[in-house]
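Read through the structure below, which is laid out as structure tokens, and then see the notes.
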Amino acid sequence: MKRISIIVFLLAFLGGYTTVQAQAPKRWSSTEIHDGLQKLNFLGSALYFAAHPDDENTRMIAYLGNVRHANTAYLSLTRGDGGQNLVGPEIRELLGVIRTQELLAARRTDGGQQFFTRANDFGYSKHPDETFNIWDRDQVMADAIWVIRNFKPDIIINRFDHRSPGKTHGHHTASAMLSVESFDLSNDPKVYPEQLQSVAPWKPSRIFFNTSWWFYGSQEAFDEADKSKMVSLDVGTYLPKRGISVPEIAATSRSQHKSQGFGSSGTRGSLTEYLELVKGDMPQNNTDPFAGINTTWTRVEGGAPVGEAVALAIANFDFDQPEKSLPSLLRIRNMIKSLPSGHWRDIKLAEIKNLIEGSLGLFLEAVAADPSAAPGQDIVIELEAINRSGVEVKLREISFPDLDIDQEVNEQLASNQGFSKEQTLSIPADFPISNAYWLNQKASLGMYTVKDQQLRGLPQTPSALDVTFTLDIFDKAKNSWSTMVITKPLVFKKTDPVKGELYSPFEITPPVFTGLSEQVYIFSNPKPQEITVKVTAGRDNITGTLRLAYPNGWRLEPESFPLTLDRKDEEQTFKFTLYPSETQEENFITPMVDLDGIVYHKDRIKIEYDHIPTQTLILDATAKVVRLNIKKEGQYIGYLKGAGDDIPQALEQIGYDVTMLDDRDMNTDRLKNFDAVILGIRAYNTLERMPVYQPALLEYVNQGGTLIVQYNTNRRLKVPMEELAPYPINVSRDRVTVEEAEVRLLAPDHPVLNEPNKITTADFEGWVQERGLYFPNEWADEYTAILSSNDPGEPARDGGLLVAEYGKGHYVYTGYSWFRELPAGVPGAYRLFANLISLGNKPQP
């Protein structure tokens, strides 16, 4: 991976790293420039601190950033990898990539910055003790302190209470505990001294807990609470220049969390937020968390005149002709440059550069003709520069610092007259591959592995290639030229006939990719399976050999294929025949291409959704193979997709014929053709038509069908809880988060545990992430509770798998995490799920 220079790393933390990868170049409006001038005159910072994407209070971030103009950031300890996905089937690390981009979209909306630690979201945790048993506490603490020492917040705001372990998600309380500890430790040079090669110790002035009635149990209790140690903020501010209020900005920010279904319409009017002091001195003004902290230019040695100059620029700003501010901005930039080196000098130099760029109406862009290239390949790029102001600007030089290329241009950028240039660049043979940096090395259950200290904390990998434009800007006030260097990432863009101009990152990729058609291959009998391998060229002229690594005791035909691909992006598919072992086991296969003695075994995975930039990941092409002793009854499955999962593909792996149901199928005449109908996860939460479908589904059961309903949350149900099932049931928030938790068989003689597969406790070995979630805690006598499990120290949770006869058929409600276990190839999960499908079906001949 490209080594980040210290200055680029600091700018990433200090707010100068403003060009978001894969986004269109920033177009500055006059309102944004004026807001930027106000921000230029405020030297204070706040770090919001929590555990997951969506934990942040976007109202607070939007208020601090847009009303107080503070340098505001959110530190999310995790990337949300352990959650569920409402927009598609991606889970685990792929979901973490989606939620990372959703957080970045939220910050672009509310004006904050975004940071992370290496903590891996391993799923729901009920206590911080469990969390710290899985996370490496020392590493997470080190990352938190690294962010604090770089960002240097004056105040820290916790979303959660460090004093209430066990009352909320363990990750939540753990985040608050780490924050309170790091408040003191970040200033101790003996703590993580290796960091001090790049940063200095830092002590924030105050740390707050962003409390509310929710933490007190009721509004009445909160109204009566002692608020003498609280700061209250009215965050309902209306911003007339934008025609929007802070809560409306916050709602738009919150709505970026689309994979979690957090769309919000916002509110208008006065709205109070409370900050309870945890450590530090209490502000004398209990409506200002920065009270008593010097947030003016006088906090910088020699900085007072800068503040005066900025105030004058604000007073004289012309919204119709922002370029009139240019002499003032150039003067302010020179004043800042003359100050002693330091934290705020670096931040404000980055800010003033952005304001100058915006005032000139500059558009600078470097676009590759192709979205990717392999090391050793040539690429064609198109460079564009335009000055849309009346100020004289010269484009002196264009450089490619990652390639050590500097080129003189010396072109006058006449007002609104574009400059363009096509150029061919050669990518060195040893140039590093692009990827999400935290996925480059093997992770543990609780931690990602990131060896490069300079990358830790960053929200995403720096761009593969940067382009710098060196400009000379004429300063009328001084009758001289001022030089400024602006860096842009190399991007790819295309014009979609429906969506218009679309940007994506330019990537450096391997010369060849290997991909398997499935992530898990289930061998439910001794018969061999065809393993289809797709090979894709990452450059022209690929010649090599394709092999498939497979486990001992298995057999493969043929052992290899010769491979020739003439053109980049050309694809070929190859079919191996894999014979399983005789006994039940789990193992792995990996397709590998040998090119002149170098072996490539990575797949290219693209994540494409309209609400985030396209993400390209380079991951191992390994798939799991499972020799499974399983029997099944019934053949034809109807599957109604809910929030999105990969269960249909998993069921096809063991020989079921799966039909994805749509609106026209949801009547008894069509449903009766299926041996079982399965509802995808959160179907009752996500499908608006469920009230229409429900009578047909229950009548299908009544007439002899088997309906399997997977978990739903008890919030935002599309049908009333009392109509969710044929007999009363109450879905709770009960869950079993420990995947190794004992599972007890409550009804050992029930057909679900005996036909056609005999289920024992051994079938619950090897489960991943959790047992299940949102178990019913009350149900009618007509249901039979099949299984019982619980987390340590908790009562038995018996509602995870309920079965009832209804009419001639069977109704199943289950909160066990089949959507995780089946795609992960857990043998026992397949065997038990096959028994659920087999209810009421006759044995196959």
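In the structure tokens, chains take the letters A, B, ... in the order shown, each chain's residues start at 1, and ligands count up from 1 in the order shown.
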
(message) Can you pull out the residues contacting A:Leu465? Cut-off 9 Å, using only C-alpha atoms, and skip same-chain residues under 4 positions away; I want them as a list of chain:residue names.
(response) A:Phe400, A:Pro401, A:Asp402, A:Leu403, A:Lys488, A:Pro489, A:Leu490, A:Val491, A:Phe506, A:Glu507, A:Ile508

(request) List every residue of stretch 258-491 of chain A that DSSP, applied to the backbone of this structure, assigns to helix (DSSP H, G or I), and report them as a PyMOL selection string. (result) chain A and resi 258-260+297-299+304-315+322-337+343-359+401-403+437-439

(request) Considering only C-alpha atoms, return as a VMD selection string whatever protein or nucleic-acid residues lie within 10 Å of A:Ser328, sequence-local ones (same chain, fewer than 5 positions apart) excluded. (result) chain A and resid 309 to 310 312 to 314 316 to 317 323 333 to 334 356 475 477

(request) Tell me which of A:Val826, A:Ala62, A:Ala24, A:Ala315 sits closest to A:Glu365, counting only C-alpha atoms. (result)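 Looking only at the distances to A:Glu365, the closest residue turns out to be A:Ala24.
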
(message) Env of A:Arg388: 6 Å cut, atoms = only C-alpha atoms, seq-sep filter 2 positions within chain, self excluded. Answer as a list in words.
(response)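 With the cut-off at 6 Å, the set is Gly361, Ser415 and Asn416 of chain A.
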
Serialized selection, all heavy atoms, as a PDB file, in the first residue's frame:
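Wrote it out as part_2.pdb, contents follow:
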```pdb
ATOM      1  N   GLY A 361     -13.998  29.983  -8.432  1.00  0.00           N
ATOM      2  CA  GLY A 361     -14.806  29.097  -9.260  1.00  0.00           C
ATOM      3  C   GLY A 361     -13.946  28.081  -9.990  1.00  0.00           C
ATOM      4  O   GLY A 361     -14.275  27.655 -11.111  1.00  0.00           O
ATOM      5  N   SER A 415     -10.698  33.793 -18.115  1.00  0.00           N
ATOM      6  CA  SER A 415     -11.989  33.662 -17.436  1.00  0.00           C
ATOM      7  C   SER A 415     -12.955  32.803 -18.225  1.00  0.00           C
ATOM      8  O   SER A 415     -13.269  33.085 -19.385  1.00  0.00           O
ATOM      9  CB  SER A 415     -12.587  35.058 -17.217  1.00  0.00           C
ATOM     10  OG  SER A 415     -13.852  34.941 -16.597  1.00  0.00           O
ATOM     11  N   ASN A 416     -13.377  31.712 -17.575  1.00  0.00           N
ATOM     12  CA  ASN A 416     -14.384  30.790 -18.113  1.00  0.00           C
ATOM     13  C   ASN A 416     -13.955  30.130 -19.419  1.00  0.00           C
ATOM     14  O   ASN A 416     -14.791  29.684 -20.200  1.00  0.00           O
ATOM     15  CB  ASN A 416     -15.724  31.508 -18.304  1.00  0.00           C
ATOM     16  CG  ASN A 416     -16.903  30.576 -18.033  1.00  0.00           C
ATOM     17  OD1 ASN A 416     -16.794  29.626 -17.261  1.00  0.00           O
ATOM     18  ND2 ASN A 416     -18.029  30.854 -18.664  1.00  0.00           N
TER      19      ASN A 416
END
```

A:Ala676 environment, 12 Å, only C-alpha atoms, sequence neighbours closer than 4 positions dropped, as a compact mmCIF listing (two decimals) with all heavy atoms, in the first residue's frame:
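As a result, out.txt now contains:
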```
# COMPACT_ATOMS: atom_id res chain seq x y z
N GLU A 633 -37.01 -33.68 2.69
CA GLU A 633 -38.31 -34.03 2.14
C GLU A 633 -38.96 -32.74 1.63
O GLU A 633 -38.84 -31.70 2.26
CB GLU A 633 -39.19 -34.71 3.19
CG GLU A 633 -38.60 -36.03 3.68
CD GLU A 633 -39.33 -36.59 4.88
OE1 GLU A 633 -40.33 -35.97 5.29
OE2 GLU A 633 -38.89 -37.62 5.41
N GLY A 634 -39.64 -32.84 0.51
CA GLY A 634 -40.13 -31.65 -0.15
C GLY A 634 -39.08 -31.14 -1.12
O GLY A 634 -37.87 -31.38 -0.95
N GLN A 635 -39.50 -30.43 -2.15
CA GLN A 635 -38.58 -30.01 -3.20
C GLN A 635 -38.76 -28.55 -3.60
O GLN A 635 -37.80 -27.85 -3.86
CB GLN A 635 -38.76 -30.89 -4.43
CG GLN A 635 -37.81 -30.60 -5.58
CD GLN A 635 -36.36 -30.88 -5.21
OE1 GLN A 635 -36.08 -31.79 -4.41
NE2 GLN A 635 -35.45 -30.10 -5.77
N TYR A 636 -39.98 -28.06 -3.62
CA TYR A 636 -40.26 -26.76 -4.21
C TYR A 636 -40.52 -25.72 -3.12
O TYR A 636 -41.42 -25.85 -2.29
CB TYR A 636 -41.47 -26.87 -5.14
CG TYR A 636 -41.23 -27.87 -6.25
CD1 TYR A 636 -41.79 -29.15 -6.19
CD2 TYR A 636 -40.41 -27.53 -7.32
CE1 TYR A 636 -41.54 -30.07 -7.19
CE2 TYR A 636 -40.15 -28.46 -8.33
CZ TYR A 636 -40.72 -29.72 -8.26
OH TYR A 636 -40.45 -30.63 -9.25
N ILE A 637 -39.68 -24.68 -3.15
CA ILE A 637 -39.69 -23.64 -2.12
C ILE A 637 -40.10 -22.32 -2.75
O ILE A 637 -39.59 -21.92 -3.80
CB ILE A 637 -38.30 -23.47 -1.47
CG1 ILE A 637 -37.77 -24.82 -0.97
CG2 ILE A 637 -38.36 -22.44 -0.35
CD1 ILE A 637 -38.61 -25.45 0.09
N GLY A 638 -41.02 -21.61 -2.10
CA GLY A 638 -41.32 -20.24 -2.46
C GLY A 638 -40.66 -19.32 -1.44
O GLY A 638 -40.82 -19.51 -0.23
N TYR A 639 -39.92 -18.33 -1.91
CA TYR A 639 -39.17 -17.46 -1.00
C TYR A 639 -39.57 -16.01 -1.24
O TYR A 639 -39.42 -15.48 -2.34
CB TYR A 639 -37.66 -17.62 -1.22
CG TYR A 639 -36.84 -17.16 -0.03
CD1 TYR A 639 -36.45 -18.07 0.95
CD2 TYR A 639 -36.46 -15.83 0.12
CE1 TYR A 639 -35.70 -17.65 2.05
CE2 TYR A 639 -35.72 -15.41 1.21
CZ TYR A 639 -35.35 -16.33 2.18
OH TYR A 639 -34.63 -15.94 3.27
N LEU A 640 -40.08 -15.37 -0.20
CA LEU A 640 -40.47 -13.97 -0.26
C LEU A 640 -39.37 -13.14 0.40
O LEU A 640 -39.16 -13.20 1.61
CB LEU A 640 -41.81 -13.74 0.46
CG LEU A 640 -42.36 -12.31 0.40
CD1 LEU A 640 -42.64 -11.89 -1.04
CD2 LEU A 640 -43.61 -12.19 1.26
N LEU A 651 -30.13 -22.72 -0.09
CA LEU A 651 -31.06 -23.84 -0.23
C LEU A 651 -30.89 -24.54 -1.58
O LEU A 651 -31.01 -25.77 -1.68
CB LEU A 651 -32.49 -23.37 -0.05
CG LEU A 651 -32.83 -22.81 1.34
CD1 LEU A 651 -34.27 -22.32 1.38
CD2 LEU A 651 -32.60 -23.87 2.42
N TYR A 656 -32.75 -27.88 -3.44
CA TYR A 656 -34.11 -27.39 -3.51
C TYR A 656 -34.29 -26.53 -4.76
O TYR A 656 -33.36 -25.85 -5.22
CB TYR A 656 -34.46 -26.55 -2.28
CG TYR A 656 -34.64 -27.34 -1.01
CD1 TYR A 656 -33.68 -27.32 0.00
CD2 TYR A 656 -35.78 -28.13 -0.81
CE1 TYR A 656 -33.86 -28.03 1.18
CE2 TYR A 656 -35.95 -28.85 0.35
CZ TYR A 656 -34.99 -28.80 1.35
OH TYR A 656 -35.16 -29.52 2.50
N ASP A 657 -35.51 -26.54 -5.30
CA ASP A 657 -35.90 -25.61 -6.35
C ASP A 657 -36.56 -24.41 -5.68
O ASP A 657 -37.64 -24.54 -5.09
CB ASP A 657 -36.88 -26.27 -7.32
CG ASP A 657 -36.24 -27.39 -8.12
OD1 ASP A 657 -35.08 -27.23 -8.52
OD2 ASP A 657 -36.89 -28.43 -8.32
N VAL A 658 -35.92 -23.25 -5.78
CA VAL A 658 -36.38 -22.06 -5.08
C VAL A 658 -36.94 -21.04 -6.07
O VAL A 658 -36.27 -20.69 -7.04
CB VAL A 658 -35.25 -21.42 -4.25
CG1 VAL A 658 -35.76 -20.19 -3.50
CG2 VAL A 658 -34.65 -22.42 -3.27
N THR A 659 -38.15 -20.61 -5.82
CA THR A 659 -38.79 -19.56 -6.63
C THR A 659 -38.90 -18.29 -5.79
O THR A 659 -39.44 -18.32 -4.67
CB THR A 659 -40.20 -20.00 -7.07
OG1 THR A 659 -40.09 -21.17 -7.90
CG2 THR A 659 -40.89 -18.89 -7.85
N LEU A 671 -49.58 -20.30 -4.20
CA LEU A 671 -48.77 -20.74 -3.06
C LEU A 671 -48.89 -22.24 -2.81
O LEU A 671 -47.94 -22.87 -2.34
CB LEU A 671 -49.16 -19.96 -1.80
CG LEU A 671 -48.87 -18.45 -1.81
CD1 LEU A 671 -49.41 -17.80 -0.54
CD2 LEU A 671 -47.38 -18.18 -1.95
N LYS A 672 -50.05 -22.81 -3.13
CA LYS A 672 -50.24 -24.24 -2.83
C LYS A 672 -49.32 -25.13 -3.65
O LYS A 672 -49.19 -26.33 -3.35
CB LYS A 672 -51.70 -24.63 -3.06
CG LYS A 672 -52.13 -24.61 -4.52
CD LYS A 672 -53.61 -24.95 -4.65
CE LYS A 672 -54.06 -24.95 -6.11
NZ LYS A 672 -55.51 -25.25 -6.22
N LEU A 697 -51.13 -16.02 3.03
CA LEU A 697 -50.12 -16.87 3.65
C LEU A 697 -50.74 -17.78 4.71
O LEU A 697 -50.44 -18.98 4.78
CB LEU A 697 -49.02 -16.00 4.28
CG LEU A 697 -48.09 -15.28 3.30
CD1 LEU A 697 -47.26 -14.23 4.02
CD2 LEU A 697 -47.19 -16.27 2.58
N TYR A 700 -52.78 -20.43 3.07
CA TYR A 700 -51.87 -21.45 2.53
C TYR A 700 -51.54 -22.48 3.61
O TYR A 700 -51.54 -23.70 3.37
CB TYR A 700 -50.60 -20.78 2.00
CG TYR A 700 -49.41 -21.68 1.85
CD1 TYR A 700 -49.33 -22.60 0.80
CD2 TYR A 700 -48.36 -21.63 2.77
CE1 TYR A 700 -48.22 -23.44 0.67
CE2 TYR A 700 -47.25 -22.45 2.64
CZ TYR A 700 -47.19 -23.36 1.60
OH TYR A 700 -46.09 -24.19 1.48
N VAL A 701 -51.24 -22.00 4.83
CA VAL A 701 -50.96 -22.93 5.93
C VAL A 701 -52.21 -23.73 6.26
O VAL A 701 -52.15 -24.96 6.43
CB VAL A 701 -50.46 -22.16 7.17
CG1 VAL A 701 -50.17 -23.13 8.32
CG2 VAL A 701 -49.20 -21.36 6.84
N GLY A 704 -52.72 -26.77 4.32
CA GLY A 704 -51.74 -27.84 4.35
C GLY A 704 -50.31 -27.43 4.07
O GLY A 704 -49.41 -28.29 4.04
N GLY A 705 -50.06 -26.15 3.87
CA GLY A 705 -48.71 -25.70 3.58
C GLY A 705 -47.86 -25.53 4.82
O GLY A 705 -48.35 -25.54 5.96
N THR A 706 -46.55 -25.35 4.60
CA THR A 706 -45.60 -25.07 5.67
C THR A 706 -45.05 -23.67 5.46
O THR A 706 -44.45 -23.38 4.42
CB THR A 706 -44.44 -26.08 5.68
OG1 THR A 706 -44.97 -27.39 5.94
CG2 THR A 706 -43.42 -25.73 6.75
N LEU A 707 -45.27 -22.78 6.42
CA LEU A 707 -44.79 -21.40 6.35
C LEU A 707 -43.71 -21.20 7.40
O LEU A 707 -43.94 -21.45 8.59
CB LEU A 707 -45.95 -20.43 6.58
CG LEU A 707 -45.59 -18.93 6.61
CD1 LEU A 707 -45.06 -18.49 5.25
CD2 LEU A 707 -46.79 -18.10 7.02
N ILE A 708 -42.54 -20.75 6.95
CA ILE A 708 -41.41 -20.49 7.86
C ILE A 708 -41.15 -18.99 7.86
O ILE A 708 -40.80 -18.41 6.83
CB ILE A 708 -40.15 -21.25 7.40
CG1 ILE A 708 -40.42 -22.76 7.37
CG2 ILE A 708 -38.98 -20.94 8.33
CD1 ILE A 708 -39.31 -23.57 6.74
N VAL A 709 -41.38 -18.38 9.00
CA VAL A 709 -41.20 -16.93 9.16
C VAL A 709 -39.90 -16.70 9.92
O VAL A 709 -39.77 -17.11 11.08
CB VAL A 709 -42.38 -16.30 9.91
CG1 VAL A 709 -42.16 -14.79 10.08
CG2 VAL A 709 -43.68 -16.57 9.16
N GLY A 809 -51.85 -27.46 8.03
CA GLY A 809 -50.44 -27.16 7.79
C GLY A 809 -49.67 -26.82 9.04
O GLY A 809 -50.12 -27.03 10.18
N HIS A 810 -48.47 -26.29 8.82
CA HIS A 810 -47.55 -25.98 9.91
C HIS A 810 -47.06 -24.54 9.77
O HIS A 810 -46.66 -24.11 8.68
CB HIS A 810 -46.35 -26.92 9.89
CG HIS A 810 -46.70 -28.35 10.17
ND1 HIS A 810 -47.18 -29.20 9.19
CD2 HIS A 810 -46.65 -29.07 11.32
CE1 HIS A 810 -47.41 -30.39 9.72
NE2 HIS A 810 -47.10 -30.34 11.01
N TYR A 811 -47.07 -23.84 10.90
CA TYR A 811 -46.57 -22.48 10.97
C TYR A 811 -45.32 -22.49 11.84
O TYR A 811 -45.33 -23.01 12.96
CB TYR A 811 -47.62 -21.54 11.56
CG TYR A 811 -47.13 -20.12 11.74
CD1 TYR A 811 -47.29 -19.18 10.73
CD2 TYR A 811 -46.50 -19.73 12.91
CE1 TYR A 811 -46.85 -17.87 10.88
CE2 TYR A 811 -46.04 -18.42 13.08
CZ TYR A 811 -46.23 -17.50 12.06
OH TYR A 811 -45.77 -16.21 12.22
N VAL A 812 -44.24 -21.90 11.33
CA VAL A 812 -42.96 -21.85 12.06
C VAL A 812 -42.55 -20.39 12.20
O VAL A 812 -42.53 -19.63 11.23
CB VAL A 812 -41.86 -22.62 11.31
CG1 VAL A 812 -40.53 -22.50 12.05
CG2 VAL A 812 -42.24 -24.08 11.13
N PHE A 833 -32.66 -26.80 9.29
CA PHE A 833 -33.53 -26.04 8.39
C PHE A 833 -34.22 -26.97 7.40
O PHE A 833 -35.39 -26.76 7.04
CB PHE A 833 -32.73 -24.97 7.65
CG PHE A 833 -33.56 -23.79 7.23
CD1 PHE A 833 -33.83 -22.76 8.11
CD2 PHE A 833 -34.07 -23.71 5.94
CE1 PHE A 833 -34.61 -21.68 7.73
CE2 PHE A 833 -34.84 -22.63 5.54
CZ PHE A 833 -35.12 -21.61 6.45
N ALA A 834 -33.53 -28.03 6.98
CA ALA A 834 -34.17 -29.02 6.09
C ALA A 834 -35.33 -29.71 6.81
O ALA A 834 -36.36 -30.02 6.20
CB ALA A 834 -33.14 -30.04 5.64
N ASN A 835 -35.20 -29.92 8.10
CA ASN A 835 -36.30 -30.50 8.87
C ASN A 835 -37.50 -29.56 8.93
O ASN A 835 -38.66 -30.00 8.87
CB ASN A 835 -35.84 -30.85 10.28
CG ASN A 835 -35.01 -32.11 10.34
OD1 ASN A 835 -34.60 -32.65 9.30
ND2 ASN A 835 -34.75 -32.60 11.54
N LEU A 836 -37.24 -28.26 9.05
CA LEU A 836 -38.34 -27.29 9.05
C LEU A 836 -39.09 -27.33 7.73
O LEU A 836 -40.33 -27.34 7.69
CB LEU A 836 -37.81 -25.88 9.31
CG LEU A 836 -37.15 -25.60 10.67
CD1 LEU A 836 -36.62 -24.18 10.71
CD2 LEU A 836 -38.13 -25.84 11.81
N ILE A 837 -38.35 -27.36 6.65
CA ILE A 837 -38.98 -27.42 5.33
C ILE A 837 -39.76 -28.72 5.15
O ILE A 837 -40.82 -28.75 4.51
CB ILE A 837 -37.90 -27.28 4.23
CG1 ILE A 837 -37.30 -25.86 4.26
CG2 ILE A 837 -38.47 -27.59 2.85
CD1 ILE A 837 -36.12 -25.68 3.36
N SER A 838 -39.26 -29.79 5.77
CA SER A 838 -39.85 -31.11 5.59
C SER A 838 -41.15 -31.31 6.36
O SER A 838 -41.85 -32.31 6.14
CB SER A 838 -38.84 -32.19 6.00
OG SER A 838 -37.67 -32.12 5.21
N LEU A 839 -41.47 -30.39 7.25
CA LEU A 839 -42.71 -30.55 8.01
C LEU A 839 -43.90 -30.72 7.07
O LEU A 839 -44.13 -29.90 6.17
CB LEU A 839 -42.95 -29.32 8.89
CG LEU A 839 -42.21 -29.26 10.22
CD1 LEU A 839 -42.35 -27.88 10.84
CD2 LEU A 839 -42.74 -30.32 11.18
N GLY A 840 -44.67 -31.80 7.26
CA GLY A 840 -45.87 -32.00 6.47
C GLY A 840 -45.63 -32.56 5.09
O GLY A 840 -46.59 -32.82 4.34
N ASN A 841 -44.37 -32.75 4.70
CA ASN A 841 -44.07 -33.29 3.38
C ASN A 841 -43.81 -34.79 3.46
O ASN A 841 -43.25 -35.28 4.44
CB ASN A 841 -42.85 -32.60 2.78
CG ASN A 841 -43.15 -31.15 2.42
OD1 ASN A 841 -44.04 -30.89 1.64
ND2 ASN A 841 -42.41 -30.23 3.03
```

Would you kindly return, as a compact mmCIF listing (two decimals) with C-alpha atoms, in the first residue's frame, each protein, DNA or RNA residue with an atom no farther than 8 Å from any atom of A:Ala623, considering only C-alpha atoms and excluding same-chain residues fewer than 4 positions away?
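File written: selection_31.txt
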```txt
# COMPACT_ATOMS: atom_id res chain seq x y z
CA LEU A 516 -16.04 -18.81 -7.76
CA GLU A 518 -20.56 -19.69 -4.81
CA GLN A 519 -19.11 -18.84 -1.41
CA VAL A 520 -20.11 -22.24 -0.03
CA TYR A 521 -20.50 -25.58 -1.80
CA PHE A 588 -11.82 -24.82 1.55
CA ILE A 589 -10.99 -24.47 -2.14
CA THR A 590 -9.11 -21.66 -3.87
```

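In this structure, atom CA of A:Ser259 sits 21.1 Å away from atom CA of A:Val768.
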
(request) Just list the residues in stretch 698-832 of chain A DSSP gives strand (DSSP E) on the backbone, as a ChimeraX atom specification. (result) /A:706-709,729-736,743-745,772-779,784-785,787-789,801-806,809-814

(message) Give me, as a ChimeraX atom specification, all polymer residues having an atom no more than 8 Å from A:Leu383, counting only C-alpha atoms and skipping those fewer than 3 positions away in the same chain.
(response) /A:364-367,419-423

(request) Find the residue from A:Gln113, A:Thr272, A:Ser76, A:Ser359 that sits nearest to A:Trp28; use only C-alpha atoms when measuring. (result)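 Once distances to A:Trp28 are computed over only C-alpha atoms, the minimum belongs to A:Ser359.
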
(message) Measuring between only C-alpha atoms, which one of A:Gly82, A:Pro289, A:His69, A:Thr536 shows the shortest distance to A:Arg820?
(response) A:Gly82

(message) To one decimal place in Å, what is the distance between atom CA of A:Ser504 and atom CA of A:Thr614?
(response)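 Calculated distance between atom CA of A:Ser504 and atom CA of A:Thr614 is 5.6 Å.
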
(request) Work out how far atom CA of A:Ala464 is from atom CA of A:Asn150, in Å to one decimal. (result) 23.3 Å

Where does stretch 130-211 of chain A meet stretch 40-51 of chain A within 6 Å, residue by residue, with the nearest atom pair and distance in Å to one decimal for each, counting only C-alpha atoms, listed by chain and rising number, as CSV?
```
residue,atom,partner,partner_atom,distance
A:Pro153,CA,A:Ser45,CA,4.8
A:Asp154,CA,A:Ser45,CA,5.3
A:Ile155,CA,A:Ala46,CA,4.9
A:Ile156,CA,A:Leu47,CA,4.8
A:Ile157,CA,A:Tyr48,CA,4.8
A:Asn158,CA,A:Phe49,CA,4.9
A:Arg159,CA,A:Ala50,CA,5.6
A:His171,CA,A:Ala51,CA,5.9
A:His172,CA,A:Ala51,CA,5.5
A:Ser175,CA,A:Ala50,CA,5.4
```

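Here the question is which of A:Arg771, A:Arg567, A:Arg68, A:Arg331 gets nearest to A:Ile352 using only C-alpha atoms, and that residue is A:Arg331.
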